[in-house]
Each structure stands twice: as C-alpha cells, then as structure tokens.
file protein.txt (compact mmCIF, C-alpha atoms)
# COMPACT_ATOMS: atom_id res chain seq x y z
CA MET Y 1 -124.63 212.01 191.90
CA LEU Y 2 -127.48 212.02 189.42
CA LYS Y 3 -125.94 209.09 187.58
CA ASN Y 4 -125.96 206.95 190.72
CA LEU Y 5 -129.46 208.05 191.64
CA PHE Y 6 -130.88 206.93 188.31
CA ARG Y 7 -128.50 204.04 187.61
CA LYS Y 8 -131.35 201.53 187.03
CA GLN Y 9 -133.04 203.70 184.42
CA GLU Y 10 -132.42 203.93 180.70
CA TYR Y 11 -130.27 206.92 179.72
CA ILE Y 12 -130.24 208.93 176.54
CA THR Y 13 -127.39 211.09 175.31
CA VAL Y 14 -128.44 214.65 174.54
CA SER Y 15 -125.56 215.38 172.19
CA SER Y 16 -122.90 213.40 170.37
CA LYS Y 17 -120.52 216.35 170.11
CA PRO Y 18 -117.14 215.97 171.92
CA LEU Y 19 -116.88 217.75 175.25
CA ASP Y 20 -114.65 220.74 175.68
CA ASP Y 21 -114.16 223.46 178.27
CA LYS Y 22 -117.10 225.48 176.96
CA GLU Y 23 -119.62 222.69 176.63
CA PHE Y 24 -121.20 220.18 178.97
CA THR Y 25 -123.19 217.28 177.55
CA PRO Y 26 -125.01 215.37 180.28
CA ASN Y 27 -126.69 211.98 180.16
CA ILE Y 28 -130.33 212.44 181.09
CA PRO Y 29 -132.74 209.70 182.28
CA ASN Y 30 -135.38 209.19 179.65
CA GLY Y 31 -138.74 210.85 180.35
CA LYS Y 32 -137.87 212.51 183.67
CA TRP Y 33 -135.51 215.37 182.91
CA VAL Y 34 -134.92 217.70 179.98
CA ASN Y 35 -131.88 219.64 178.85
CA CYS Y 36 -132.28 223.40 178.27
CA LYS Y 37 -131.29 224.16 174.69
CA LYS Y 38 -129.81 227.51 175.67
CA CYS Y 39 -127.94 227.14 178.98
CA LYS Y 40 -127.74 223.30 179.08
CA SER Y 41 -129.26 223.17 182.56
CA ILE Y 42 -130.92 219.91 183.55
CA ILE Y 43 -134.54 220.55 184.48
CA TYR Y 44 -137.01 218.18 186.09
CA LEU Y 45 -139.79 217.76 183.53
CA GLU Y 46 -142.65 218.16 185.98
CA ASP Y 47 -141.16 221.41 187.30
CA LEU Y 48 -140.80 222.70 183.75
CA GLN Y 49 -144.42 221.87 182.95
CA ASN Y 50 -145.62 223.62 186.10
CA ASP Y 51 -143.58 226.72 185.25
CA TYR Y 52 -145.04 227.44 181.80
CA HIS Y 53 -142.20 225.52 180.05
CA VAL Y 54 -139.72 228.29 180.87
CA CYS Y 55 -136.17 227.46 181.98
CA PRO Y 56 -135.71 228.59 185.61
CA THR Y 57 -132.02 229.30 185.00
CA CYS Y 58 -131.90 231.35 181.80
CA ASN Y 59 -135.58 232.11 181.02
CA TYR Y 60 -135.43 230.16 177.75
CA HIS Y 61 -138.97 229.62 176.44
CA PHE Y 62 -139.44 226.07 175.22
CA ASN Y 63 -141.78 225.55 172.29
CA ILE Y 64 -145.21 224.44 173.44
CA SER Y 65 -148.24 222.99 171.68
CA SER Y 66 -151.30 225.00 170.68
CA ASP Y 67 -153.37 223.05 173.22
CA GLU Y 68 -150.94 223.89 176.01
CA ARG Y 69 -150.92 227.55 175.04
CA ALA Y 70 -154.72 227.67 175.08
CA LYS Y 71 -154.69 226.20 178.60
CA GLN Y 72 -152.20 228.82 179.76
CA ILE Y 73 -153.98 231.84 178.29
CA PHE Y 74 -157.71 231.21 178.54
CA ASP Y 75 -159.96 230.81 181.56
CA GLU Y 76 -160.46 227.16 182.43
CA GLY Y 77 -163.04 225.51 180.19
CA SER Y 78 -163.73 228.68 178.18
CA PHE Y 79 -161.90 227.88 174.94
CA VAL Y 80 -164.17 226.58 172.18
CA PRO Y 81 -162.40 225.33 169.00
CA MET Y 82 -163.77 226.33 165.59
CA PHE Y 83 -163.24 225.33 161.95
CA GLU Y 84 -161.49 222.06 162.77
CA GLU Y 85 -163.24 220.42 159.84
CA ILE Y 86 -161.00 222.43 157.49
CA GLU Y 87 -157.99 220.25 156.69
CA ALA Y 88 -155.27 220.26 154.06
CA THR Y 89 -155.77 218.52 150.74
CA ASN Y 90 -153.32 218.04 147.89
CA PRO Y 91 -154.47 220.68 145.37
CA LEU Y 92 -151.34 220.44 143.20
CA ASP Y 93 -151.02 216.63 143.38
CA PHE Y 94 -147.60 217.05 144.99
CA PRO Y 95 -145.92 213.61 145.13
CA GLY Y 96 -146.02 212.02 148.57
CA TYR Y 97 -147.76 215.00 150.22
CA GLU Y 98 -150.85 213.10 151.37
CA GLU Y 99 -148.71 210.41 153.01
CA LYS Y 100 -146.67 213.08 154.81
CA LEU Y 101 -149.86 214.79 155.99
CA ASN Y 102 -151.16 211.56 157.48
CA LYS Y 103 -147.87 210.91 159.27
CA VAL Y 104 -147.73 214.43 160.70
CA LYS Y 105 -151.35 214.21 161.87
CA GLU Y 106 -150.65 210.94 163.63
CA LYS Y 107 -147.40 212.10 165.20
CA SER Y 108 -148.59 215.53 166.32
CA ASN Y 109 -152.17 214.56 167.18
CA LEU Y 110 -153.25 217.69 165.30
CA SER Y 111 -155.54 218.09 162.31
CA GLU Y 112 -153.68 221.17 161.01
CA GLY Y 113 -151.01 223.73 161.88
CA VAL Y 114 -153.31 226.20 163.67
CA LEU Y 115 -155.88 225.93 166.44
CA CYS Y 116 -158.70 228.49 166.15
CA GLY Y 117 -161.60 229.33 168.39
CA THR Y 118 -162.98 231.66 171.03
CA GLY Y 119 -162.07 231.89 174.68
CA LYS Y 120 -162.11 234.16 177.69
CA ILE Y 121 -159.22 235.96 179.36
CA ASP Y 122 -160.36 236.96 182.85
CA SER Y 123 -163.95 236.72 181.54
CA LYS Y 124 -163.21 238.92 178.47
CA LYS Y 125 -164.17 237.06 175.30
CA VAL Y 126 -161.77 237.04 172.35
CA ALA Y 127 -161.30 235.20 169.07
CA ALA Y 128 -157.93 233.51 168.70
CA ALA Y 129 -155.73 231.57 166.32
CA ILE Y 130 -152.77 229.63 167.75
CA MET Y 131 -150.21 228.30 165.28
CA ASP Y 132 -148.36 225.10 166.16
CA SER Y 133 -144.83 224.37 164.96
CA LYS Y 134 -145.31 220.62 165.48
CA PHE Y 135 -147.40 220.47 162.29
CA PHE Y 136 -145.10 220.98 159.27
CA MET Y 137 -143.22 223.62 161.26
CA GLY Y 138 -146.38 225.74 161.40
CA SER Y 139 -146.18 226.28 157.65
CA MET Y 140 -149.09 228.15 156.12
CA GLY Y 141 -151.03 226.11 153.60
CA CYS Y 142 -154.55 226.60 152.29
CA ALA Y 143 -156.22 225.07 155.35
CA VAL Y 144 -154.19 227.17 157.79
CA GLY Y 145 -154.96 230.33 155.82
CA GLU Y 146 -158.65 229.46 155.62
CA ARG Y 147 -158.94 228.73 159.33
CA ILE Y 148 -157.23 231.99 160.26
CA THR Y 149 -159.27 234.02 157.76
CA ARG Y 150 -162.56 232.58 159.01
CA THR Y 151 -161.51 233.29 162.60
CA VAL Y 152 -160.78 236.93 161.71
CA GLU Y 153 -164.11 237.22 159.88
CA TYR Y 154 -165.92 235.71 162.86
CA ALA Y 155 -164.23 238.24 165.16
CA THR Y 156 -165.31 241.08 162.86
CA ALA Y 157 -168.90 239.88 162.58
CA ASN Y 158 -169.20 239.43 166.36
CA LYS Y 159 -167.21 242.56 167.27
CA LEU Y 160 -164.56 240.60 169.16
CA PRO Y 161 -160.90 241.43 169.75
CA LEU Y 162 -158.52 239.13 167.92
CA ILE Y 163 -155.35 237.44 169.16
CA ILE Y 164 -153.05 235.44 166.88
CA PHE Y 165 -150.09 233.47 168.20
CA THR Y 166 -147.66 233.03 165.32
CA ALA Y 167 -145.17 230.18 164.91
CA SER Y 168 -144.19 229.35 161.37
CA GLY Y 169 -141.45 228.45 158.96
CA GLY Y 170 -143.35 230.23 156.18
CA ALA Y 171 -145.46 229.06 153.25
CA ARG Y 172 -146.06 225.34 152.67
CA MET Y 173 -144.14 224.51 149.53
CA GLN Y 174 -146.29 221.48 148.65
CA GLU Y 175 -149.20 223.85 147.95
CA GLY Y 176 -147.19 226.34 145.89
CA ILE Y 177 -148.85 229.58 144.82
CA LEU Y 178 -152.08 228.58 146.62
CA SER Y 179 -150.14 228.73 149.88
CA LEU Y 180 -148.76 232.18 149.06
CA MET Y 181 -152.30 233.41 148.33
CA GLN Y 182 -153.17 232.92 152.00
CA MET Y 183 -150.98 235.90 152.90
CA ALA Y 184 -153.22 238.29 150.98
CA LYS Y 185 -156.45 236.60 152.04
CA ALA Y 186 -155.71 236.72 155.77
CA SER Y 187 -154.33 240.26 155.52
CA ALA Y 188 -157.48 241.47 153.75
CA ALA Y 189 -159.66 239.98 156.48
CA ILE Y 190 -157.55 241.70 159.15
CA ALA Y 191 -157.92 245.02 157.28
CA LYS Y 192 -161.72 244.70 157.57
CA HIS Y 193 -161.37 243.85 161.26
CA ASP Y 194 -159.31 247.02 161.65
CA GLU Y 195 -161.84 249.12 159.72
CA ALA Y 196 -164.48 247.96 162.19
CA GLY Y 197 -162.41 249.56 164.97
CA LEU Y 198 -161.55 246.26 166.65
CA LEU Y 199 -158.37 245.33 168.49
CA TYR Y 200 -155.89 242.86 167.00
CA VAL Y 201 -152.96 241.63 169.11
CA SER Y 202 -150.20 239.69 167.36
CA ILE Y 203 -148.03 237.52 169.60
CA ILE Y 204 -144.74 236.39 168.09
CA THR Y 205 -143.48 233.00 169.27
CA ASN Y 206 -140.45 231.04 168.16
CA PRO Y 207 -139.94 230.94 165.24
CA THR Y 208 -142.03 233.33 163.13
CA THR Y 209 -140.60 233.59 159.62
CA GLY Y 210 -141.43 233.71 155.92
CA GLY Y 211 -144.89 234.53 154.61
CA VAL Y 212 -146.45 234.71 158.07
CA THR Y 213 -144.04 237.51 159.01
CA ALA Y 214 -144.71 239.19 155.66
CA SER Y 215 -148.47 239.22 156.33
CA PHE Y 216 -150.63 238.98 159.42
CA ALA Y 217 -147.86 238.60 162.04
CA MET Y 218 -146.80 242.22 161.57
CA LEU Y 219 -150.28 243.74 161.18
CA GLY Y 220 -151.24 243.81 164.83
CA ASP Y 221 -152.37 246.97 166.58
CA VAL Y 222 -150.08 245.71 169.32
CA ILE Y 223 -147.23 243.31 168.51
CA ILE Y 224 -145.85 241.30 171.41
CA ALA Y 225 -143.00 238.80 171.33
CA GLU Y 226 -141.90 236.06 173.68
CA PRO Y 227 -138.32 236.40 174.98
CA GLY Y 228 -135.76 235.05 172.53
CA ALA Y 229 -138.24 234.40 169.74
CA THR Y 230 -136.89 234.49 166.18
CA LEU Y 231 -138.71 236.94 163.91
CA GLY Y 232 -137.81 237.55 160.28
CA PHE Y 233 -138.48 236.79 156.65
CA ALA Y 234 -135.47 235.07 155.09
CA GLY Y 235 -132.91 233.12 157.11
CA ARG Y 236 -129.63 234.51 158.39
CA ARG Y 237 -127.44 232.63 155.91
CA VAL Y 238 -129.56 233.68 152.93
CA ILE Y 239 -129.30 237.34 153.92
CA GLU Y 240 -125.57 237.17 154.67
CA ASN Y 241 -124.88 235.53 151.31
CA THR Y 242 -127.01 238.15 149.56
CA ILE Y 243 -125.44 241.24 151.11
CA ASN Y 244 -121.97 239.73 151.67
CA GLN Y 245 -121.90 241.01 155.24
CA LYS Y 246 -121.86 239.43 158.68
CA LEU Y 247 -125.06 240.08 160.63
CA PRO Y 248 -125.18 240.88 164.37
CA GLU Y 249 -125.31 237.85 166.66
CA ASP Y 250 -128.77 238.78 167.97
CA PHE Y 251 -130.13 239.54 164.48
CA GLN Y 252 -133.83 238.58 164.14
CA SER Y 253 -134.21 237.95 167.87
CA ALA Y 254 -137.19 239.48 169.66
CA GLU Y 255 -134.82 241.71 171.61
CA PHE Y 256 -133.18 243.01 168.43
CA MET Y 257 -136.60 243.62 166.87
CA LEU Y 258 -137.78 245.53 169.94
CA GLU Y 259 -134.72 247.77 169.74
CA LYS Y 260 -135.41 248.46 166.06
CA GLY Y 261 -139.12 249.15 166.60
CA PHE Y 262 -140.60 246.08 164.90
CA VAL Y 263 -142.33 244.86 168.06
CA ASP Y 264 -143.96 246.84 170.85
CA ASP Y 265 -143.02 244.72 173.85
CA ILE Y 266 -141.46 241.48 175.02
CA VAL Y 267 -143.53 239.61 177.58
CA SER Y 268 -142.66 236.45 179.46
CA ARG Y 269 -145.08 233.58 179.06
CA LYS Y 270 -145.61 233.58 182.82
CA GLU Y 271 -146.97 237.14 182.68
CA LEU Y 272 -148.77 237.01 179.36
CA LYS Y 273 -152.32 236.30 180.53
CA ASP Y 274 -152.29 239.20 183.00
CA TYR Y 275 -150.68 241.43 180.36
CA LEU Y 276 -153.39 240.60 177.81
CA SER Y 277 -156.14 241.08 180.37
CA LYS Y 278 -154.87 244.58 181.15
CA LEU Y 279 -154.45 245.35 177.46
CA LEU Y 280 -158.04 244.33 176.74
CA ARG Y 281 -159.31 246.42 179.64
CA LEU Y 282 -157.33 249.46 178.46
CA HIS Y 283 -159.08 249.15 175.09
CA GLY Y 284 -162.50 249.18 176.73
CA ILE Y 285 -163.15 245.45 176.53
CA GLU Y 286 -164.99 244.29 179.61
CA GLU Y 287 -166.62 241.05 180.71

call {"tool": "encode", "arguments": {"input": "protein.txt", "output": "structure tokens"}}
result
Amino acid sequence: MLKNLFRKQEYITVSSKPLDDKEFTPNIPNGKWVNCKKCKSIIYLEDLQNDYHVCPTCNYHFNISSDERAKQIFDEGSFVPMFEEIEATNPLDFPGYEEKLNKVKEKSNLSEGVLCGTGKIDSKKVAAAIMDSKFFMGSMGCAVGERITRTVEYATANKLPLIIFTASGGARMQEGILSLMQMAKASAAIAKHDEAGLLYVSIITNPTTGGVTASFAMLGDVIIAEPGATLGFAGRRVIENTINQKLPEDFQSAEFMLEKGFVDDIVSRKELKDYLSKLLRLHGIEE
C-alpha cells in the first residue's frame, strides 16, 4: 500500500542484506519516513520530530543534535551559548587533521563536539554542556575539554547547578596525549564544583564510552541514562578478546548499568525536563 501511495517519489533502500523470516527491509520514500534501527518500524518523520525523536513502537531513542536537545530541555529562548570561540587546532601537526575538521564543521554545522552555555529549566538557571556525536563522534579533544572545563568553572563561580549530557566515542586520537589530559582537567574542575556544595547531574546518552566515561561522565552527584544508551570504557569485542569470555547480550546498556549500580535512574527523553525540574527543586534550587 505504501509503495503505491508514494510511487512517484524517489525511494531509498534501508539495507542491502537479504530478507529472511526474521528481518524485514522496507523501501522508504526519501525525506518523509525513517526506519527505526531497533524494531524496523516505519515512522513518519514529522511525527518522530514531534515526539522527541523516540520510536512510538519500541521506545528506541534516536540520536539527536545538541541544538535539538537544548530546545527540548530548556525554557524557550533561555539558552545562551558560551565559549563558542574555542575551536580545535592541530597541536601535533597530525596529517590531514585540519582538512577533516573543516569537512566535519561544514557537514555538521557545528564548531566543535560540545555545546556549552546557561539555560533555564522551569525558570531554574543551570550551566550545561551538551556533547554532540555528529562532530567526530563526540570525541574529546582539547577544545571540547576546554569548553567543558570553563563551563564547570563558570558554574562554580556563579553557584549554579551543572548538567552535562555525554555522547562520545572517547579521546580524539589526532590530539594524542593532549586529548587524554582533558580527562584530568575537567575532573579537577568538577571536584571544585563539588567542594562548593553544588549539584552536578550527569546524563548519559548513546553512546558514552572511552575517556569521557573514565572521567566526568561518572562523577555526577546524580547519574541518569537514556533508555538503551551504551555506557562503557572499552568496546565489547576488546573486552571479550581480553578475558576470553562471552559477555551478556545487554552488557554496557543503560539497563545493565542500572542493575549493577553504575547509574541512578533511566529516564525517557519525553519525561526528562520534568524530572530535572523536580530534581533541582529537591536540591533547593528555585527560580
């Protein structure tokens, strides 16, 4: 039926894998419908956008941009970006890195892998950093680390609660040891924020791995994860090859991490703003 309805439109094939009894690979009209990566449902794009980019069939949380997340979380017109002048350079003269940076900037329409600033959640002001996987898979280079550190320091100086949305593949290899240094720098800033008696909420989105997990992602006073988000340090295959054992199917999922005590709660994107508003109020943060 759908094929006849959209017969005059251009079609794209979602997958080139052969069909079998367990798999359905539909043809989807370009730009109007999307295929859920988890349950393979066909979703009208406008409906998905209006429903926080969450699959209505299986609750799969699609990856979203930092700009979209800011719109979902903060009161309309309240988010003010900061530190956008800080951008990556090529400190180690890594071959081809500058060209790749320019291409990623153009393709993603982002200046770096994290959006920082201040905003209000039901009139409660917070400082926030929102990592974006569209920019080098949210990898943490010097500019990302500097933006996050300055945001934490601003929150400390102005006695603001801090929220960080993590999404990262780890350290940015083109910046070598300088990238790894950002783990300690951001963590030290968060320690001072904690010493000042201020609230830090870490929100794990998909995926959060590598050096980000090994530093500020797991330092929150409250650690929240989106449903189905991947959280871990090394990848599944690396760990399995190291220990010569098969890992559980749900290993490194948010649900597995909740069961093991690594996160405090799993909250749907649709409910997250209300959840954060209540959390801020419980910690004495008013308008």

call {"tool": "atom_distance", "arguments": {"input": "protein.txt", "atom1": "CA of Gly210 in chain Y", "atom2": "CA of Ser168 in chain Y"}}
result
7.5 Å

call {"tool": "residues_around", "arguments": {"input": "protein.txt", "residues": "Pro207 in chain Y", "least_positions_apart": "6", "cutoff": "7 Å", "atoms": "all atoms listed in the file", "output": "VMD selection string"}}
result
chain Y and resid 167 to 169 229 to 231

call {"tool": "write_last_selection", "arguments": {"input": "protein.txt", "atoms": "C-alpha atoms", "output": "tab-separated table (two decimals), in the coordinates of the input"}}
result
chain	number	residue	atom	x	y	z
Y	167	ALA	CA	-145.17	230.18	164.91
Y	168	SER	CA	-144.19	229.35	161.37
Y	169	GLY	CA	-141.45	228.45	158.96
Y	229	ALA	CA	-138.24	234.40	169.74
Y	230	THR	CA	-136.89	234.49	166.18
Y	231	LEU	CA	-138.71	236.94	163.91

call {"tool": "closest_residue", "arguments": {"input": "protein.txt", "among": "Y:Val126, Y:Val144, Y:Ile204, Y:Met173", "to": "Leu92 in chain Y", "atoms": "only C-alpha atoms"}}
result
Y:Met173

call {"tool": "residues_near_point", "arguments": {"input": "protein.txt", "point": "(-136.8, 230.4, 152.1)", "cutoff": "12 Å", "atoms": "all atoms listed in the file", "output": "list in words"}}
result
Ser139, Ser168, Gly169, Gly170, Ala171, Arg172, Met173, Thr209, Gly210, Gly211, Gly232, Phe233, Ala234, Gly235, Arg236, Arg237, Val238 and Ile239 of chain Y

call {"tool": "closest_atom_pairs", "arguments": {"input": "protein.txt", "of": "range 204-285 of chain Y", "to": "range 46-55 of chain Y", "cutoff": "10 Å", "atoms": "all atoms listed in the file", "output": "Markdown table"}}
result
| residue | atom | partner | partner_atom | distance |
| --- | --- | --- | --- | --- |
| Y:Ser268 | CA | Y:Val54 | CA | 8.8 |
| Y:Arg269 | CA | Y:Tyr52 | CA | 6.7 |
| Y:Lys270 | CA | Y:Tyr52 | CA | 6.3 |
| Y:Glu271 | CA | Y:Tyr52 | CA | 9.9 |

call {"tool": "closest_atom_pairs", "arguments": {"input": "protein.txt", "of": "range 115-212 of chain Y", "to": "range 280-285 of chain Y", "cutoff": "9 Å", "atoms": "all atoms listed in the file", "output": "tab-separated table"}}
result
residue	atom	partner	partner_atom	distance
Y:Ile121	CA	Y:Leu280	CA	8.8
Y:Lys124	CA	Y:Ile285	CA	6.8
Y:Lys125	CA	Y:Ile285	CA	8.5
Y:Leu160	CA	Y:Ile285	CA	8.9
Y:Pro161	CA	Y:Leu280	CA	8.1
Y:Leu199	CA	Y:His283	CA	7.7

call {"tool": "write_last_selection", "arguments": {"input": "protein.txt", "atoms": "C-alpha atoms", "output": "PDB file, in the frame of the given file"}}
result
ATOM      1  CA  ILE Y 121    -159.220 235.960 179.360  1.00  0.00           C
ATOM      2  CA  LYS Y 124    -163.210 238.920 178.470  1.00  0.00           C
ATOM      3  CA  LYS Y 125    -164.170 237.060 175.300  1.00  0.00           C
ATOM      4  CA  LEU Y 160    -164.560 240.600 169.160  1.00  0.00           C
ATOM      5  CA  PRO Y 161    -160.900 241.430 169.750  1.00  0.00           C
ATOM      6  CA  LEU Y 199    -158.370 245.330 168.490  1.00  0.00           C
TER       7      LEU Y 199
END

call {"tool": "residues_near_point", "arguments": {"input": "protein.txt", "point": "(-163.5, 225.9, 171.3)", "cutoff": "7 Å", "atoms": "only C-alpha atoms", "output": "number ranges by chain"}}
result
Y: 79-82, 117-118

call {"tool": "atom_distance", "arguments": {"input": "protein.txt", "atom1": "CA of Lys192 in chain Y", "atom2": "CA of Thr151 in chain Y"}}
result
12.5 Å

call {"tool": "atom_distance", "arguments": {"input": "protein.txt", "atom1": "CA of Ser78 in chain Y", "atom2": "CA of Val267 in chain Y"}}
result
23.0 Å

call {"tool": "closest_residue", "arguments": {"input": "protein.txt", "among": "Y:Ile43, Y:Ile86, Y:Ala217, Y:Ala128", "to": "Ala70 in chain Y", "atoms": "only C-alpha atoms"}}
result
Y:Ala128

call {"tool": "closest_residue", "arguments": {"input": "protein.txt", "among": "Y:Ile223, Y:Leu101, Y:Leu115, Y:Leu110", "to": "Gly261 in chain Y", "atoms": "only C-alpha atoms"}}
result
Y:Ile223

call {"tool": "closest_residue", "arguments": {"input": "protein.txt", "among": "Y:Phe62, Y:Gln174, Y:Glu146, Y:Met140", "to": "Glu98 in chain Y", "atoms": "all atoms listed in the file"}}
result
Y:Gln174

call {"tool": "closest_residue", "arguments": {"input": "protein.txt", "among": "Y:Val114, Y:Val212, Y:Asn35, Y:Asn63", "to": "Ala184 in chain Y", "atoms": "all atoms listed in the file"}}
result
Y:Val212

call {"tool": "closest_residue", "arguments": {"input": "protein.txt", "among": "Y:Met218, Y:Arg147, Y:Ala188, Y:Gly197", "to": "Val263 in chain Y", "atoms": "all atoms listed in the file"}}
result
Y:Met218

call {"tool": "residues_around", "arguments": {"input": "protein.txt", "residues": "Thr156 in chain Y", "least_positions_apart": "3", "cutoff": "7 Å", "atoms": "only C-alpha atoms", "output": "PyMOL selection string"}}
result
chain Y and resi 152-153+159-160+193+196

call {"tool": "decode", "arguments": {"input": "protein.txt", "residues": "range 217-233 of chain Y", "atoms": "N, CA and C atoms", "output": "mmCIF file, in the first residue's frame"}}
result
data_model
loop_
_atom_site.group_PDB
_atom_site.id
_atom_site.type_symbol
_atom_site.label_atom_id
_atom_site.label_comp_id
_atom_site.auth_asym_id
_atom_site.auth_seq_id
_atom_site.Cartn_x
_atom_site.Cartn_y
_atom_site.Cartn_z
ATOM 1 N N ALA Y 217 31.840 11.811 33.052
ATOM 2 C CA ALA Y 217 30.525 11.177 32.889
ATOM 3 C C ALA Y 217 30.078 10.436 34.143
ATOM 4 N N MET Y 218 31.038 9.884 34.886
ATOM 5 C CA MET Y 218 30.698 9.066 36.047
ATOM 6 C C MET Y 218 30.934 9.794 37.376
ATOM 7 N N LEU Y 219 31.080 11.109 37.312
ATOM 8 C CA LEU Y 219 31.341 11.889 38.537
ATOM 9 C C LEU Y 219 30.120 12.650 39.029
ATOM 10 N N GLY Y 220 28.981 12.438 38.407
ATOM 11 C CA GLY Y 220 27.797 13.182 38.797
ATOM 12 C C GLY Y 220 27.291 12.823 40.188
ATOM 13 N N ASP Y 221 26.719 13.811 40.864
ATOM 14 C CA ASP Y 221 26.006 13.521 42.116
ATOM 15 C C ASP Y 221 24.809 12.622 41.826
ATOM 16 N N VAL Y 222 24.197 12.865 40.676
ATOM 17 C CA VAL Y 222 23.122 12.012 40.179
ATOM 18 C C VAL Y 222 23.477 11.658 38.730
ATOM 19 N N ILE Y 223 23.447 10.365 38.417
ATOM 20 C CA ILE Y 223 23.784 9.909 37.065
ATOM 21 C C ILE Y 223 22.534 9.298 36.444
ATOM 22 N N ILE Y 224 22.075 9.906 35.377
ATOM 23 C CA ILE Y 224 20.867 9.484 34.677
ATOM 24 C C ILE Y 224 21.267 8.983 33.297
ATOM 25 N N ALA Y 225 20.562 7.990 32.798
ATOM 26 C CA ALA Y 225 20.812 7.490 31.446
ATOM 27 C C ALA Y 225 19.529 7.470 30.644
ATOM 28 N N GLU Y 226 19.650 7.702 29.344
ATOM 29 C CA GLU Y 226 18.512 7.496 28.460
ATOM 30 C C GLU Y 226 18.328 6.003 28.218
ATOM 31 N N PRO Y 227 17.098 5.561 27.956
ATOM 32 C CA PRO Y 227 16.858 4.132 27.704
ATOM 33 C C PRO Y 227 17.712 3.611 26.549
ATOM 34 N N GLY Y 228 18.353 2.470 26.769
ATOM 35 C CA GLY Y 228 19.116 1.827 25.711
ATOM 36 C C GLY Y 228 20.476 2.409 25.422
ATOM 37 N N ALA Y 229 20.867 3.448 26.141
ATOM 38 C CA ALA Y 229 22.161 4.073 25.880
ATOM 39 C C ALA Y 229 23.308 3.117 26.199
ATOM 40 N N THR Y 230 24.356 3.175 25.399
ATOM 41 C CA THR Y 230 25.561 2.381 25.654
ATOM 42 C C THR Y 230 26.493 3.173 26.554
ATOM 43 N N LEU Y 231 26.959 2.521 27.623
ATOM 44 C CA LEU Y 231 27.871 3.151 28.578
ATOM 45 C C LEU Y 231 28.997 2.176 28.889
ATOM 46 N N GLY Y 232 30.226 2.613 28.674
ATOM 47 C CA GLY Y 232 31.353 1.728 28.974
ATOM 48 C C GLY Y 232 32.669 2.393 28.630
ATOM 49 N N PHE Y 233 33.742 1.668 28.864
ATOM 50 C CA PHE Y 233 35.068 2.193 28.524
ATOM 51 C C PHE Y 233 35.534 1.569 27.215
#
